[in-house]
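Data block below; observations after.
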Amino acid sequence: MSGQLSSQSPGVFSRRQASVAKKLSGVPALVFAGGDRSRNYPANVYPYRADSHFLYLAGAAIPDAALFIDGDRVELFMTPRAPDDSLWHGALPTFEEIRIATGVAAVRSDDELAEVIAARGAQNIATLPSADPLTRNRQCALLKRTWSGATAPSVTSLSDTDLQLADAMIEQRLRHDDAAVAMIERALEATTAAHKAGMAVSRAGIYEHDVRAAMERELTCRGMTPAYNSIITVHGEILHNTSYHRQLERHDLLLADVGGEHEGWASDITRTWPVGGTFSPTQRALYEVVLQSQLDAIALVKPGVRYRDVHLAACVTLARGLVDEGILHGDPEGLVERGAHALLFPHGVGHVLGLDVHDMEDLGDRAGYAPGRTRSEQFGLGYLRLDRDLVAGMVVTIEPGLYIVPALLADETLCGPFLADKTLDRDRLAQFDDVRGIRIEDDVLCTPTGPQVLSARIPKSVLEVEAAVRAGQ
């Protein structure tokens with residue numbers, strides 16, 4: 001994506017720049033694009049991905065560029081092209097072409113940036129520390145900061161001026177404009193094809209990496225990349241499993257968490273399907289518990305609803321299903337209040353989605369949690385990434401799951417109390433031994449009238465999923 005300009009209208013970016021500038025109330029700000037990183041020798045670099053805040057405001061993937069927001073004037077500073085760039089990279093856009101595409105007032109050489117900073121006073125300029133140490137070092141040198149270390153400083157350690165920029169970006173990016181939603185929908189077109197291809201190719205005897213190749217091919221042939229490391233595994237109980245060496249067997253469930261990225265905008269979808277094309281009775285029973293949990297949570301996505309309540313509703317439905325199956329014993333709401341469900345559903349029900357798959361997670365809980373709200377200390381609920389009231393224009397994932405994790409079930413601190421009072425029936429759970437992990441995830445737009453499932457075209461019901469897998473066998 002290096003050097004690529006957005007396909008979106010320049011007006012999209014000029015409007016976003018103006019909106020953020022207004023929120024800054026005259027405070028000047030620098031937003032850095034980040035730079036190339038070498039794999040071993042300087043010319044052999046990792047694929048370039050511009051910083052998400054920069055992409056949001058400019059839409060261009062220009063290594064080492066920076067946006068300077070000063071009142072109602074926004075300028076872009078970048079490294080001039082070397083004389084031999086066209087030899088190695090072909091024709092590249094001119095400064096004027098970049099100015100028009102990004103909606104800025106001017107594009108200038110980065111040789112002039114230090115002078116501009118000095119004129120405004122480095123201590124008066126807001127910025128956000130890059131996750132890339134090389135870019136962060138450049139920020140420190142230009143702005144006389146003292147950030148150091150391998151990871152970006154905590155948001156809580158930033159200056160009041162920096163936090164003003166952080167809050168402006170949070171407020172702006174939490175509520176997507178039409179252009180942003182269109183980008184996510186484009187990413188989902190490829191992601192839909194990827195999941196259908198994964199279902200169609202699955203059969204006993206092939207390997208997880210074969211399914212990965214089929215799915216990621218659909219992204220590549222549409223000019224996209226994965227928005228995150230794909231999870232494609234028969235061990236769905238390992239939440240972030242990114243190894244692909246296992247052979248598929250007929251009675252396995254395959255969990256695929258794969259999403260494409262279009263011009264930086266992410267999608268994030270999980271489906272779980274039977275390798276043999278038919279869920280066993282035990283697999284189907286638990287799959288339908290997870291599916292109902294997801295449907296109940298999606299139905300609550302509307303303006304003014306607290307996302308934490310969406311999570312808890314999913315937990316109660318899941319607990320009710322587990323009680324019906326004899327795995328848990330007790331009142332579903334009481335089980336959730338005690339955290340018993342988290343032995344089998346230990347993570348949050350989802351997160352915000354945008355230019356990052358976990359959008360703005362570089363800003364930590366300042367982005368994910370509304371002012372005055374903090375993370376719970378209860379196991380399971382403490383992993384919830386979002387605790388804000390939903391607003392129209394917000395895109396969230398809804399992704400409940402059910403996982404039989406031996407390490408959790410062997411943890412006396414977590415599991416012991418629920419075994420002692422027979423809340424958890426381990427013998428009954430053992431009868432579902434052909435289930436390791438199930439997750440069902442969709443990307444949902446909060447509209448003024450309720451939820452819009454942007455990923456609705458990807459098979460999800462038992463019959464749809466079975467048909468999609470059998471169609472390829």
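Following the order of the structure tokens, chains are lettered A, B, ..., residues in each are numbered from 1, and ligands are numbered from 1.
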* **Residues of region 4-36 of chain A in alpha helix (DSSP H), written as a VMD selection string** => chain A and resid 10 to 24
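Using only C-alpha atoms, the protein and nucleic acid residues lying no more than 8 Å from Val462 (chain A), apart from those fewer than 5 places from it along its own chain, are Phe279, Arg284, Tyr287 and Glu288 of chain A.
For the set A:Ala50, A:Leu424, A:Ile298, A:Leu67, the residue with the smallest atom-to-atom gap to Asp110 (chain A) is A:Leu67, counting only C-alpha atoms.
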* To do: Looking only at strand (DSSP E or B) from DSSP on the backbone, list the matching residues of region 193-413 of chain A as a count of residues only.
  => 37
* Asked: Could you state the separation of CA of Asp324 (chain A) and CA of Lys302 (chain A) in Å, given to one decimal place?
  -> 28.9 Å
* Which of these residues is nearest to Leu463 (chain A), using only C-alpha atoms: A:Leu384, A:Pro400, A:Pro274, A:Leu134? -> A:Pro274
At most 10 Å is the cut-off: for each residue in region 316-405 of chain A with any atom that close to an atom of region 224-227 of chain A, write down the nearest atom pair and the distance in Å rounded to one decimal, counting only C-alpha atoms, chain first then increasing number, as JSON lines.
{"residue": "A:Leu355", "atom": "CA", "partner": "A:Ala227", "partner_atom": "CA", "distance": 9.2}
{"residue": "A:Asp356", "atom": "CA", "partner": "A:Ala227", "partner_atom": "CA", "distance": 7.8}
{"residue": "A:Val357", "atom": "CA", "partner": "A:Ala227", "partner_atom": "CA", "distance": 6.6}
* To do: List the neighbours of Ala105 (chain A) out to 7 Å using only C-alpha atoms; skip same-chain residues closer than 3 positions along the sequence, and give me the result as a ChimeraX atom specification.
  => /A:73-75,99
* Determine, counting only C-alpha atoms, which protein, DNA and RNA residues have an atom within 8 Å of an atom of region 397-399 of chain A; residues of the same chain fewer than 3 positions away are not included. Present the result as an MDAnalysis selection string. => chainID A and resid 268 270 294 297:298 349:353 439:444
* **Spatial neighbours of Ala200 (chain A), max dist 8 Å, only C-alpha atoms, sep filter under 5 positions, as a PyMOL selection string** => chain A and resi 468-473
Output C-alpha atoms of each residue in that selection to a file, as a compact mmCIF listing (two decimals), in the first residue's frame.
# COMPACT_ATOMS: atom_id res chain seq x y z
CA ALA A 468 -21.96 -24.48 2.05
CA VAL A 469 -19.49 -27.14 3.23
CA ARG A 470 -21.18 -30.02 1.41
CA ALA A 471 -21.34 -28.02 -1.81
CA GLY A 472 -17.57 -28.37 -2.15
CA GLN A 473 -17.38 -32.08 -1.33
* Separation of CA of Gly304 (chain A) from CA of Arg175 (chain A), in Å and rounded to one decimal -> 13.2 Å
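Shortest atom-to-atom contact with Val310 (chain A) among A:Leu255, A:Leu174, A:Leu295, A:Ala430: A:Leu295, counting only C-alpha atoms.
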* **All residues 10 Å or closer to region 141-150 of chain A, only C-alpha atoms, same chain fewer than 2 positions away omitted, as a ChimeraX atom specification** => /A:30,113-115,117-118,121-127,129,131-139,152-153,157-158
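Taking only C-alpha atoms into account, Ala392 (chain A) lies nearest to A:Val181 out of the set A:Val181, A:Ala410, A:Met78, A:Ala60.
Taking CA of Glu464 (chain A) and CA of Ala193 (chain A) as endpoints, the distance between them is 14.8 Å.
Comparing the minimum interatomic distances between Ser25 (chain A) and each of A:Met183, A:Thr161, A:Phe77, A:Gln247, counting only C-alpha atoms, we find that A:Thr161 sits nearest.
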* Quick one: residues within 12 Å of Asp252 (chain A), only C-alpha atoms counted, chain neighbours fewer than 6 positions away excluded, as a ChimeraX atom specification? -> /A:202-205,207-208,233-236,246,272-280,283,433-438
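Nearest-residue note for Phe432 (chain A): choosing from A:Ala18, A:Ala420, A:Leu286, A:Cys415, the minimum distance belongs to A:Leu286, counting only C-alpha atoms.
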